[in-house]
file input-v2.txt (compact mmCIF, C-alpha atoms (C1' of nucleotides))
# COMPACT_ATOMS: atom_id res chain seq x y z
CA MET A 48 7.24 34.29 32.34
CA PRO A 49 3.61 33.30 32.30
CA SER A 50 3.08 34.72 28.83
CA PRO A 51 2.23 32.85 25.61
CA ALA A 52 5.08 31.07 23.90
CA VAL A 53 3.70 27.73 24.88
CA SER A 54 6.82 26.11 23.59
CA SER A 55 10.00 26.94 21.77
CA ARG A 56 9.27 24.88 18.65
CA ASP A 57 6.43 26.19 16.62
CA LEU A 58 4.74 24.85 13.57
CA PRO A 59 3.89 26.43 10.22
CA HIS A 60 0.18 26.90 9.59
CA PRO A 61 -1.48 28.38 6.52
CA ALA A 62 -3.13 31.71 7.21
CA SER A 63 -6.89 31.69 7.01
CA GLY A 64 -6.81 33.28 3.58
CA GLU A 65 -4.38 30.70 2.27
CA ILE A 66 -6.60 27.72 2.94
CA ARG A 67 -7.62 26.07 -0.35
CA LEU A 68 -10.76 24.05 -0.71
CA GLU A 69 -9.02 21.42 -2.82
CA ASP A 70 -6.44 20.88 -0.12
CA VAL A 71 -9.11 20.53 2.54
CA LEU A 72 -10.99 17.99 0.44
CA HIS A 73 -7.82 16.08 -0.28
CA ALA A 74 -6.96 16.03 3.40
CA LEU A 75 -10.38 14.67 4.29
CA SER A 76 -10.45 12.09 1.51
CA ASP A 77 -8.21 9.78 3.51
CA PRO A 78 -10.09 7.47 5.91
CA MET A 79 -7.51 7.84 8.64
CA ARG A 80 -7.59 11.60 8.50
CA LEU A 81 -11.35 11.75 8.28
CA ARG A 82 -11.45 9.62 11.40
CA ILE A 83 -9.10 11.98 13.20
CA VAL A 84 -11.20 14.98 12.26
CA ARG A 85 -14.41 13.32 13.36
CA GLU A 86 -12.91 12.46 16.72
CA LEU A 87 -11.57 15.96 17.04
CA ALA A 88 -14.97 17.41 16.25
CA GLY A 89 -16.64 15.16 18.78
CA ALA A 90 -14.37 16.18 21.60
CA GLN A 91 -14.67 19.81 22.59
CA GLY A 92 -11.25 21.44 22.80
CA GLU A 93 -7.91 19.95 21.92
CA LEU A 94 -6.57 16.44 21.87
CA SER A 95 -3.01 15.22 21.97
CA CYS A 96 -1.68 13.08 19.13
CA SER A 97 -1.20 10.18 21.52
CA HIS A 98 -4.88 10.26 22.39
CA PHE A 99 -5.68 8.66 19.05
CA ASP A 100 -5.41 4.95 18.64
CA LEU A 101 -4.96 4.49 14.92
CA PRO A 102 -4.11 1.25 13.14
CA VAL A 103 -0.89 2.68 11.73
CA THR A 104 2.54 3.40 13.12
CA LYS A 105 3.40 6.64 14.83
CA SER A 106 5.42 7.79 11.85
CA THR A 107 2.34 7.53 9.71
CA THR A 108 0.23 9.23 12.34
CA THR A 109 2.64 12.15 12.37
CA HIS A 110 2.35 12.34 8.60
CA HIS A 111 -1.45 12.51 8.70
CA PHE A 112 -1.49 15.21 11.33
CA ARG A 113 0.90 17.23 9.27
CA VAL A 114 -1.27 16.95 6.19
CA LEU A 115 -4.24 18.12 8.22
CA ARG A 116 -2.31 21.05 9.62
CA GLU A 117 -0.80 22.11 6.31
CA SER A 118 -4.17 22.00 4.61
CA GLY A 119 -5.59 24.28 7.30
CA VAL A 120 -8.00 21.79 8.83
CA ILE A 121 -6.40 21.62 12.26
CA ARG A 122 -4.18 23.77 14.40
CA GLN A 123 -1.29 22.19 16.25
CA ALA A 124 0.81 23.39 19.13
CA TYR A 125 3.31 21.82 21.45
CA ARG A 126 2.48 21.75 25.11
CA GLY A 127 5.28 20.11 26.99
CA THR A 128 6.03 16.80 25.35
CA ALA A 129 2.53 16.58 23.98
CA LYS A 130 1.34 18.02 20.72
CA MET A 131 -2.19 19.32 20.94
CA ASN A 132 -4.59 19.34 18.01
CA GLY A 133 -7.71 21.39 17.49
CA LEU A 134 -10.09 21.88 14.58
CA ARG A 135 -9.93 25.29 12.93
CA ARG A 136 -13.68 25.62 13.09
CA GLY A 137 -13.75 29.38 13.06
CA ASP A 138 -11.54 29.78 10.02
CA LEU A 139 -13.26 27.03 8.10
CA ASP A 140 -16.75 28.25 8.89
CA GLU A 141 -15.82 31.72 7.81
CA LEU A 142 -14.27 30.58 4.55
CA PHE A 143 -16.74 27.84 3.70
CA PRO A 144 -19.97 28.33 5.64
CA GLY A 145 -21.73 25.11 6.42
CA LEU A 146 -19.15 22.92 4.78
CA LEU A 147 -17.55 21.45 7.88
CA ASP A 148 -20.89 20.61 9.43
CA ALA A 149 -22.12 19.04 6.22
CA LEU A 150 -18.95 16.97 6.00
CA LEU A 151 -19.13 15.80 9.59
CA HIS A 152 -22.79 15.03 9.21
CA ALA A 153 -22.12 13.10 6.01
CA ALA A 154 -19.32 11.13 7.66
CA ALA A 155 -21.52 10.28 10.63
CA ARG A 156 -24.34 9.16 8.37
CA GLN A 157 -22.06 6.96 6.36
CA ALA A 158 -20.52 5.45 9.47
CA ALA A 159 -23.98 4.64 10.78
CA ARG A 160 -25.05 3.23 7.44
CA LEU A 161 -22.01 1.03 7.00
CA GLY A 162 -21.99 -0.07 10.60
CA GLY A 163 -18.95 1.95 11.60
CA MET B 38 -38.73 -0.11 -29.55
CA PRO B 39 -39.16 3.29 -27.95
CA SER B 40 -37.80 1.99 -24.66
CA PRO B 41 -34.63 3.09 -22.86
CA ALA B 42 -31.40 1.62 -24.16
CA VAL B 43 -30.13 4.98 -25.25
CA SER B 44 -27.13 3.32 -26.79
CA SER B 45 -25.47 -0.03 -27.09
CA ARG B 46 -22.46 0.70 -24.92
CA ASP B 47 -23.24 1.39 -21.33
CA LEU B 48 -21.09 2.44 -18.47
CA PRO B 49 -20.62 1.06 -14.96
CA HIS B 50 -21.90 3.32 -12.19
CA PRO B 51 -21.81 2.69 -8.46
CA ALA B 52 -25.24 2.11 -6.96
CA SER B 53 -26.45 4.81 -4.65
CA GLY B 54 -25.61 2.71 -1.61
CA GLU B 55 -22.09 2.07 -2.83
CA ILE B 56 -21.06 5.69 -2.98
CA ARG B 57 -18.35 6.41 -0.43
CA LEU B 58 -17.75 9.83 1.03
CA GLU B 59 -13.99 9.44 0.81
CA ASP B 60 -14.22 8.72 -2.90
CA VAL B 61 -16.43 11.73 -3.48
CA LEU B 62 -14.04 13.98 -1.61
CA HIS B 63 -11.08 12.56 -3.46
CA ALA B 64 -12.84 13.11 -6.77
CA LEU B 65 -13.58 16.73 -5.91
CA SER B 66 -10.10 17.45 -4.56
CA ASP B 67 -8.77 17.80 -8.09
CA PRO B 68 -9.11 21.33 -9.54
CA MET B 69 -10.04 20.07 -12.98
CA ARG B 70 -12.76 17.84 -11.64
CA LEU B 71 -14.08 20.45 -9.27
CA ARG B 72 -14.32 22.78 -12.23
CA ILE B 73 -16.26 20.21 -14.20
CA VAL B 74 -18.67 19.66 -11.34
CA ARG B 75 -19.23 23.36 -10.85
CA GLU B 76 -19.99 23.84 -14.52
CA LEU B 77 -22.29 20.85 -14.44
CA ALA B 78 -24.11 22.24 -11.43
CA GLY B 79 -24.48 25.61 -13.07
CA ALA B 80 -26.08 24.22 -16.19
CA GLN B 81 -29.41 22.59 -15.60
CA GLY B 82 -29.55 19.17 -17.23
CA GLU B 83 -26.77 17.32 -18.97
CA LEU B 84 -23.68 18.42 -20.81
CA SER B 85 -21.57 16.56 -23.32
CA CYS B 86 -17.90 15.96 -22.62
CA SER B 87 -16.94 18.08 -25.60
CA HIS B 88 -18.81 21.03 -24.15
CA PHE B 89 -16.01 21.50 -21.65
CA ASP B 90 -12.92 23.40 -22.68
CA LEU B 91 -10.30 22.18 -20.27
CA PRO B 92 -6.58 22.94 -20.44
CA VAL B 93 -5.69 19.27 -20.78
CA THR B 94 -5.79 16.75 -23.58
CA LYS B 95 -8.85 14.69 -24.39
CA SER B 96 -7.27 11.59 -22.91
CA THR B 97 -6.92 13.34 -19.59
CA THR B 98 -10.44 14.70 -19.82
CA THR B 99 -11.77 11.19 -20.33
CA HIS B 100 -9.83 10.12 -17.26
CA HIS B 101 -11.34 12.85 -15.09
CA PHE B 102 -14.88 12.08 -16.19
CA ARG B 103 -14.34 8.43 -15.38
CA VAL B 104 -13.11 9.25 -11.89
CA LEU B 105 -16.19 11.39 -11.34
CA ARG B 106 -18.48 8.65 -12.59
CA GLU B 107 -16.81 5.85 -10.63
CA SER B 108 -16.96 7.87 -7.43
CA GLY B 109 -20.68 8.40 -7.93
CA VAL B 110 -20.58 12.14 -8.48
CA ILE B 111 -21.86 12.16 -12.04
CA ARG B 112 -23.91 9.91 -14.28
CA GLN B 113 -22.80 9.31 -17.84
CA ALA B 114 -24.62 7.95 -20.85
CA TYR B 115 -23.90 7.80 -24.54
CA ARG B 116 -26.24 9.62 -26.86
CA GLY B 117 -25.13 9.15 -30.39
CA THR B 118 -21.46 10.06 -30.61
CA ALA B 119 -21.77 12.33 -27.63
CA LYS B 120 -21.40 11.31 -24.01
CA MET B 121 -23.72 13.18 -21.74
CA ASN B 122 -22.89 14.00 -18.15
CA GLY B 123 -25.19 14.91 -15.29
CA LEU B 124 -24.71 15.46 -11.59
CA ARG B 125 -26.21 12.76 -9.37
CA ARG B 126 -27.89 15.36 -7.22
CA GLY B 127 -30.66 13.15 -5.98
CA ASP B 128 -28.42 10.33 -4.85
CA LEU B 129 -25.89 12.64 -3.27
CA ASP B 130 -28.49 14.73 -1.46
CA GLU B 131 -30.09 11.61 -0.10
CA LEU B 132 -26.83 10.12 1.11
CA PHE B 133 -25.20 13.32 2.33
CA PRO B 134 -27.83 16.02 2.88
CA GLY B 135 -26.53 19.50 2.31
CA LEU B 136 -23.06 18.39 1.34
CA LEU B 137 -23.20 19.07 -2.36
CA ASP B 138 -24.66 22.52 -1.87
CA ALA B 139 -22.09 23.35 0.77
CA LEU B 140 -19.31 22.19 -1.53
CA LEU B 141 -20.59 24.15 -4.49
CA HIS B 142 -21.09 27.20 -2.36
CA ALA B 143 -17.61 26.85 -0.93
CA ALA B 144 -16.11 26.50 -4.40
CA ALA B 145 -17.98 29.55 -5.64
CA ARG B 146 -16.85 31.59 -2.65
CA GLN B 147 -13.27 30.61 -3.15
CA ALA B 148 -13.41 31.35 -6.86
CA ALA B 149 -14.80 34.80 -6.09
CA ARG B 150 -12.22 35.40 -3.40
CA LEU B 151 -9.27 34.34 -5.53
CA GLY B 152 -10.51 36.11 -8.61
CA GLY B 153 -11.57 32.97 -10.45
C1' DC C 180 -18.22 3.40 -48.67
C1' DG C 181 -15.52 7.32 -46.94
C1' DA C 182 -14.70 11.21 -44.05
C1' DC C 183 -15.29 13.37 -40.00
C1' DT C 184 -16.20 13.91 -34.96
C1' DC C 185 -16.39 12.18 -30.36
C1' DG C 186 -14.61 9.66 -27.20
C1' DT C 187 -11.60 5.25 -25.59
C1' DA C 188 -7.66 2.20 -24.81
C1' DC C 189 -3.09 1.54 -23.94
C1' DG C 190 1.56 2.49 -22.81
C1' DA C 191 4.79 5.64 -20.88
C1' DT C 192 6.32 8.98 -17.58
C1' DA C 193 6.88 11.61 -13.76
C1' DG C 194 5.47 12.96 -9.45
C1' DG C 195 2.79 12.25 -5.23
C1' DC C 196 1.68 9.66 -1.19
C1' DA C 197 0.53 6.16 2.56
C1' DT C 198 3.12 3.17 4.84
C1' DC C 199 7.00 1.31 7.43
C1' DG C 200 11.39 1.05 10.37
C1' DT C 201 15.09 3.07 12.59
C1' DA C 202 17.41 6.56 14.66
C1' DG C 203 17.05 10.83 16.84
C1' DT C 204 15.30 15.25 19.47
C1' DA C 205 12.58 17.66 23.06
C1' DC C 206 10.61 17.78 27.37
C1' DG C 207 9.44 16.40 32.14
C1' DG C 208 10.37 13.81 36.20
C1' DT C 209 13.45 11.23 39.41
C1' DA D 104 22.60 13.11 35.06
C1' DC D 105 19.55 9.70 33.68
C1' DC D 106 15.35 7.65 31.99
C1' DG D 107 10.97 7.46 29.89
C1' DT D 108 7.48 9.41 26.98
C1' DA D 109 5.99 11.99 22.92
C1' DC D 110 6.84 13.09 18.67
C1' DT D 111 10.06 13.81 14.41
C1' DA D 112 13.27 13.13 10.52
C1' DC D 113 14.89 10.44 7.00
C1' DG D 114 15.17 6.90 3.72
C1' DA D 115 12.92 3.14 1.38
C1' DT D 116 9.13 1.00 -0.87
C1' DG D 117 5.25 0.17 -3.52
C1' DC D 118 1.14 1.99 -5.15
C1' DC D 119 -1.73 5.52 -7.15
C1' DT D 120 -2.52 9.20 -10.42
C1' DA D 121 -2.39 13.25 -13.60
C1' DT D 122 -0.59 13.90 -17.76
C1' DC D 123 0.59 12.97 -22.55
C1' DG D 124 0.66 10.80 -27.39
C1' DT D 125 -0.81 7.64 -30.57
C1' DA D 126 -3.76 4.43 -32.35
C1' DC D 127 -8.36 2.79 -32.42
C1' DG D 128 -13.82 2.07 -32.14
C1' DA D 129 -18.51 4.00 -32.57
C1' DG D 130 -21.68 6.92 -34.61
C1' DT D 131 -23.32 10.48 -38.14
C1' DC D 132 -23.56 12.51 -42.51
C1' DG D 133 -22.40 12.98 -47.30

call {"tool": "encode", "arguments": {"input": "input-v2.txt", "output": "structure tokens"}}
result
Amino acid sequence: MPSPAVSSRDLPHPASGEIRLEDVLHALSDPMRLRIVRELAGAQGELSCSHFDLPVTKSTTTHHFRVLRESGVIRQAYRGTAKMNGLRRGDLDELFPGLLDALLHAAARQAARLGG
Amino acid sequence: MPSPAVSSRDLPHPASGEIRLEDVLHALSDPMRLRIVRELAGAQGELSCSHFDLPVTKSTTTHHFRVLRESGVIRQAYRGTAKMNGLRRGDLDELFPGLLDALLHAAARQAARLGG
DNA sequence: CGACTCGTACGATAGGCATCGTAGTACGGT
DNA sequence: ACCGTACTACGATGCCTATCGTACGAGTCG
């Protein structure tokens, strides 16, 4: 069966229309999650959770990815043992035009300014 | 003395260079504070705290204004018994070009979409 | 001075959340 | 069947925070 159904377990995502600005801002107000999103935006396509080398335990990493998914910032899907993550650029750009780019730009500027 | 010194009590504000994106996002991730900022952006100039009619007590209102000030989003100054509030547009636009407008636009869009 | 308004300070409370550790599940390969 | 890797679930912990109520300080006006 070569069809979809990438995996048996699937994950709850908010529909595009259910994404709330406050939730997105809250999700991005955590340094760890902002870092994840920046890395995700830099890489074209999807990245597995294990690709990220964060200074927290894996439990905590799982938590952050879930917050990002439930707020509508990223989309997650299992692929084998890996869990792939991708930015929901299309949905976000449609809902909040220019916001994601402004945020990423702002984050990059601040990182450059503070020597990150 | 016609100089500054609008009042005796003055309030601590972060310098422009101390404003952190994460703090700004956290400040704006609260519905009450986002509402305040939108109203402040709509009105040109400054507004007193008492101008706002929020569904919370005055204690809580004070709290929200302090969070906004300490994150660098607004500037506050006493003028007589009133406390005036103004968006720090210049500082924010310089640090994070386009971000404030994108945020305000996004908030307006969402309010329109959800019937706010 | 007194009364009134505007806003603050402080304590309490209840809920949220970032973090950890441990134990467990799902999948792929040998 | 077994093992290793990737991620999760759950409970605990300590901190942060949104909210309230009450009591107070600062300023204005009579």

call {"tool": "calpha_fit_and_write", "arguments": {"input": "input-v2.txt", "fixed": "chain A", "moving": "chain B", "output": "PDB file with C-alpha atoms, keeping the file's coordinate frame"}}
result
ATOM      1  CA  MET B  38       6.821  35.669  31.495  1.00  0.00           C
ATOM      2  CA  PRO B  39       3.240  34.455  31.595  1.00  0.00           C
ATOM      3  CA  SER B  40       2.780  35.294  27.928  1.00  0.00           C
ATOM      4  CA  PRO B  41       2.047  32.889  25.069  1.00  0.00           C
ATOM      5  CA  ALA B  42       5.018  30.990  23.708  1.00  0.00           C
ATOM      6  CA  VAL B  43       3.617  27.692  24.827  1.00  0.00           C
ATOM      7  CA  SER B  44       6.786  25.998  23.722  1.00  0.00           C
ATOM      8  CA  SER B  45      10.013  26.699  21.944  1.00  0.00           C
ATOM      9  CA  ARG B  46       9.283  24.751  18.785  1.00  0.00           C
ATOM     10  CA  ASP B  47       6.430  26.059  16.756  1.00  0.00           C
ATOM     11  CA  LEU B  48       4.763  24.770  13.679  1.00  0.00           C
ATOM     12  CA  PRO B  49       3.922  26.380  10.340  1.00  0.00           C
ATOM     13  CA  HIS B  50       0.208  26.848   9.704  1.00  0.00           C
ATOM     14  CA  PRO B  51      -1.448  28.356   6.654  1.00  0.00           C
ATOM     15  CA  ALA B  52      -3.093  31.698   7.346  1.00  0.00           C
ATOM     16  CA  SER B  53      -6.842  31.702   7.151  1.00  0.00           C
ATOM     17  CA  GLY B  54      -6.751  33.323   3.727  1.00  0.00           C
ATOM     18  CA  GLU B  55      -4.336  30.739   2.395  1.00  0.00           C
ATOM     19  CA  ILE B  56      -6.555  27.762   3.027  1.00  0.00           C
ATOM     20  CA  ARG B  57      -7.602  26.162  -0.245  1.00  0.00           C
ATOM     21  CA  LEU B  58     -10.754  24.136  -0.633  1.00  0.00           C
ATOM     22  CA  GLU B  59      -9.015  21.546  -2.780  1.00  0.00           C
ATOM     23  CA  ASP B  60      -6.426  20.958  -0.081  1.00  0.00           C
ATOM     24  CA  VAL B  61      -9.089  20.582   2.574  1.00  0.00           C
ATOM     25  CA  LEU B  62     -10.984  18.080   0.473  1.00  0.00           C
ATOM     26  CA  HIS B  63      -7.828  16.172  -0.302  1.00  0.00           C
ATOM     27  CA  ALA B  64      -6.944  16.069   3.381  1.00  0.00           C
ATOM     28  CA  LEU B  65     -10.369  14.712   4.287  1.00  0.00           C
ATOM     29  CA  SER B  66     -10.453  12.164   1.467  1.00  0.00           C
ATOM     30  CA  ASP B  67      -8.207   9.848   3.453  1.00  0.00           C
ATOM     31  CA  PRO B  68     -10.092   7.512   5.833  1.00  0.00           C
ATOM     32  CA  MET B  69      -7.507   7.847   8.570  1.00  0.00           C
ATOM     33  CA  ARG B  70      -7.594  11.608   8.458  1.00  0.00           C
ATOM     34  CA  LEU B  71     -11.349  11.767   8.254  1.00  0.00           C
ATOM     35  CA  ARG B  72     -11.444   9.594  11.339  1.00  0.00           C
ATOM     36  CA  ILE B  73      -9.097  11.927  13.155  1.00  0.00           C
ATOM     37  CA  VAL B  74     -11.190  14.939  12.240  1.00  0.00           C
ATOM     38  CA  ARG B  75     -14.397  13.284  13.343  1.00  0.00           C
ATOM     39  CA  GLU B  76     -12.902  12.376  16.692  1.00  0.00           C
ATOM     40  CA  LEU B  77     -11.554  15.882  17.047  1.00  0.00           C
ATOM     41  CA  ALA B  78     -14.956  17.345  16.276  1.00  0.00           C
ATOM     42  CA  GLY B  79     -16.624  15.065  18.767  1.00  0.00           C
ATOM     43  CA  ALA B  80     -14.364  16.072  21.614  1.00  0.00           C
ATOM     44  CA  GLN B  81     -14.675  19.679  22.606  1.00  0.00           C
ATOM     45  CA  GLY B  82     -11.263  21.314  22.854  1.00  0.00           C
ATOM     46  CA  GLU B  83      -7.917  19.831  21.969  1.00  0.00           C
ATOM     47  CA  LEU B  84      -6.579  16.317  21.892  1.00  0.00           C
ATOM     48  CA  SER B  85      -3.017  15.085  21.972  1.00  0.00           C
ATOM     49  CA  CYS B  86      -1.686  12.982  19.122  1.00  0.00           C
ATOM     50  CA  SER B  87      -1.192  10.050  21.458  1.00  0.00           C
ATOM     51  CA  HIS B  88      -4.861  10.112  22.371  1.00  0.00           C
ATOM     52  CA  PHE B  89      -5.663   8.581  19.006  1.00  0.00           C
ATOM     53  CA  ASP B  90      -5.382   4.846  18.567  1.00  0.00           C
ATOM     54  CA  LEU B  91      -4.949   4.433  14.852  1.00  0.00           C
ATOM     55  CA  PRO B  92      -4.101   1.197  13.047  1.00  0.00           C
ATOM     56  CA  VAL B  93      -0.887   2.641  11.648  1.00  0.00           C
ATOM     57  CA  THR B  94       2.550   3.331  13.031  1.00  0.00           C
ATOM     58  CA  LYS B  95       3.458   6.549  14.785  1.00  0.00           C
ATOM     59  CA  SER B  96       5.446   7.729  11.793  1.00  0.00           C
ATOM     60  CA  THR B  97       2.365   7.486   9.636  1.00  0.00           C
ATOM     61  CA  THR B  98       0.255   9.173  12.281  1.00  0.00           C
ATOM     62  CA  THR B  99       2.668  12.092  12.353  1.00  0.00           C
ATOM     63  CA  HIS B 100       2.370  12.298   8.584  1.00  0.00           C
ATOM     64  CA  HIS B 101      -1.426  12.460   8.678  1.00  0.00           C
ATOM     65  CA  PHE B 102      -1.470  15.162  11.330  1.00  0.00           C
ATOM     66  CA  ARG B 103       0.943  17.219   9.277  1.00  0.00           C
ATOM     67  CA  VAL B 104      -1.241  16.944   6.191  1.00  0.00           C
ATOM     68  CA  LEU B 105      -4.220  18.091   8.235  1.00  0.00           C
ATOM     69  CA  ARG B 106      -2.286  21.013   9.661  1.00  0.00           C
ATOM     70  CA  GLU B 107      -0.764  22.101   6.349  1.00  0.00           C
ATOM     71  CA  SER B 108      -4.152  22.023   4.657  1.00  0.00           C
ATOM     72  CA  GLY B 109      -5.564  24.269   7.364  1.00  0.00           C
ATOM     73  CA  VAL B 110      -7.969  21.772   8.877  1.00  0.00           C
ATOM     74  CA  ILE B 111      -6.381  21.557  12.304  1.00  0.00           C
ATOM     75  CA  ARG B 112      -4.153  23.691  14.485  1.00  0.00           C
ATOM     76  CA  GLN B 113      -1.266  22.098  16.328  1.00  0.00           C
ATOM     77  CA  ALA B 114       0.831  23.283  19.229  1.00  0.00           C
ATOM     78  CA  TYR B 115       3.323  21.663  21.536  1.00  0.00           C
ATOM     79  CA  ARG B 116       2.496  21.539  25.206  1.00  0.00           C
ATOM     80  CA  GLY B 117       5.269  19.877  27.066  1.00  0.00           C
ATOM     81  CA  THR B 118       6.018  16.572  25.374  1.00  0.00           C
ATOM     82  CA  ALA B 119       2.516  16.391  24.018  1.00  0.00           C
ATOM     83  CA  LYS B 120       1.311  17.893  20.767  1.00  0.00           C
ATOM     84  CA  MET B 121      -2.194  19.196  20.992  1.00  0.00           C
ATOM     85  CA  ASN B 122      -4.576  19.247  18.065  1.00  0.00           C
ATOM     86  CA  GLY B 123      -7.707  21.301  17.537  1.00  0.00           C
ATOM     87  CA  LEU B 124     -10.077  21.806  14.648  1.00  0.00           C
ATOM     88  CA  ARG B 125      -9.895  25.238  13.018  1.00  0.00           C
ATOM     89  CA  ARG B 126     -13.643  25.596  13.186  1.00  0.00           C
ATOM     90  CA  GLY B 127     -13.705  29.349  13.185  1.00  0.00           C
ATOM     91  CA  ASP B 128     -11.489  29.765  10.158  1.00  0.00           C
ATOM     92  CA  LEU B 129     -13.212  27.031   8.211  1.00  0.00           C
ATOM     93  CA  ASP B 130     -16.712  28.260   9.013  1.00  0.00           C
ATOM     94  CA  GLU B 131     -15.760  31.742   7.958  1.00  0.00           C
ATOM     95  CA  LEU B 132     -14.212  30.637   4.688  1.00  0.00           C
ATOM     96  CA  PHE B 133     -16.700  27.912   3.811  1.00  0.00           C
ATOM     97  CA  PRO B 134     -19.934  28.393   5.766  1.00  0.00           C
ATOM     98  CA  GLY B 135     -21.712  25.168   6.514  1.00  0.00           C
ATOM     99  CA  LEU B 136     -19.113  22.982   4.877  1.00  0.00           C
ATOM    100  CA  LEU B 137     -17.529  21.490   7.949  1.00  0.00           C
ATOM    101  CA  ASP B 138     -20.869  20.644   9.500  1.00  0.00           C
ATOM    102  CA  ALA B 139     -22.098  19.109   6.275  1.00  0.00           C
ATOM    103  CA  LEU B 140     -18.938  17.033   6.024  1.00  0.00           C
ATOM    104  CA  LEU B 141     -19.126  15.844   9.601  1.00  0.00           C
ATOM    105  CA  HIS B 142     -22.779  15.061   9.236  1.00  0.00           C
ATOM    106  CA  ALA B 143     -22.120  13.181   6.025  1.00  0.00           C
ATOM    107  CA  ALA B 144     -19.333  11.180   7.650  1.00  0.00           C
ATOM    108  CA  ALA B 145     -21.524  10.320  10.615  1.00  0.00           C
ATOM    109  CA  ARG B 146     -24.354   9.225   8.341  1.00  0.00           C
ATOM    110  CA  GLN B 147     -22.083   7.032   6.328  1.00  0.00           C
ATOM    111  CA  ALA B 148     -20.538   5.501   9.426  1.00  0.00           C
ATOM    112  CA  ALA B 149     -24.015   4.693  10.725  1.00  0.00           C
ATOM    113  CA  ARG B 150     -25.100   3.305   7.386  1.00  0.00           C
ATOM    114  CA  LEU B 151     -22.051   1.099   6.939  1.00  0.00           C
ATOM    115  CA  GLY B 152     -22.016  -0.044  10.524  1.00  0.00           C
ATOM    116  CA  GLY B 153     -19.014   2.029  11.553  1.00  0.00           C
TER     117      GLY B 153
END

call {"tool": "residues_around", "arguments": {"input": "input-v2.txt", "residues": "stretch 196-205 of chain C", "least_positions_apart": "4", "cutoff": "10 Å", "atoms": "all atoms listed in the file", "output": "NGL selection string"}}
result
(:A and (55-56 or 77 or 103-107 or 110-111 or 127-128)) or (:D and (109-119))

call {"tool": "atom_distance", "arguments": {"input": "input-v2.txt", "atom1": "atom CA of A:Arg135", "atom2": "atom CA of B:Gln147"}}
result
17.3 Å

call {"tool": "closest_residue", "arguments": {"input": "input-v2.txt", "among": "D:DC127, D:DC106, D:DT122, D:DC132", "to": "C:DG186", "atoms": "only C-alpha atoms (C1' of nucleotides)"}}
result
D:DC127

call {"tool": "atom_distance", "arguments": {"input": "input-v2.txt", "atom1": "atom CA of A:Phe112", "atom2": "atom CA of A:Glu86"}}
result
12.9 Å

call {"tool": "atom_distance", "arguments": {"input": "input-v2.txt", "atom1": "atom CA of B:Gly135", "atom2": "atom CA of B:Glu59"}}
result
16.1 Å

call {"tool": "interface_residues", "arguments": {"input": "input-v2.txt", "of": "chain C", "to": "chain B", "cutoff": "10 Å", "atoms": "only C-alpha atoms (C1' of nucleotides)", "output": "MDAnalysis selection string"}}
result
chainID C and resid 184:188

call {"tool": "write_last_selection", "arguments": {"input": "input-v2.txt", "atoms": "C-alpha atoms (C1' of nucleotides)", "output": "compact mmCIF listing (two decimals), keeping the file's coordinate frame"}}
result
# COMPACT_ATOMS: atom_id res chain seq x y z
C1' DT C 184 -16.20 13.91 -34.96
C1' DC C 185 -16.39 12.18 -30.36
C1' DG C 186 -14.61 9.66 -27.20
C1' DT C 187 -11.60 5.25 -25.59
C1' DA C 188 -7.66 2.20 -24.81

call {"tool": "closest_residue", "arguments": {"input": "input-v2.txt", "among": "B:Ile56, B:Val110, B:Leu91, B:Ala78", "to": "chain A", "atoms": "only C-alpha atoms"}}
result
B:Ile56
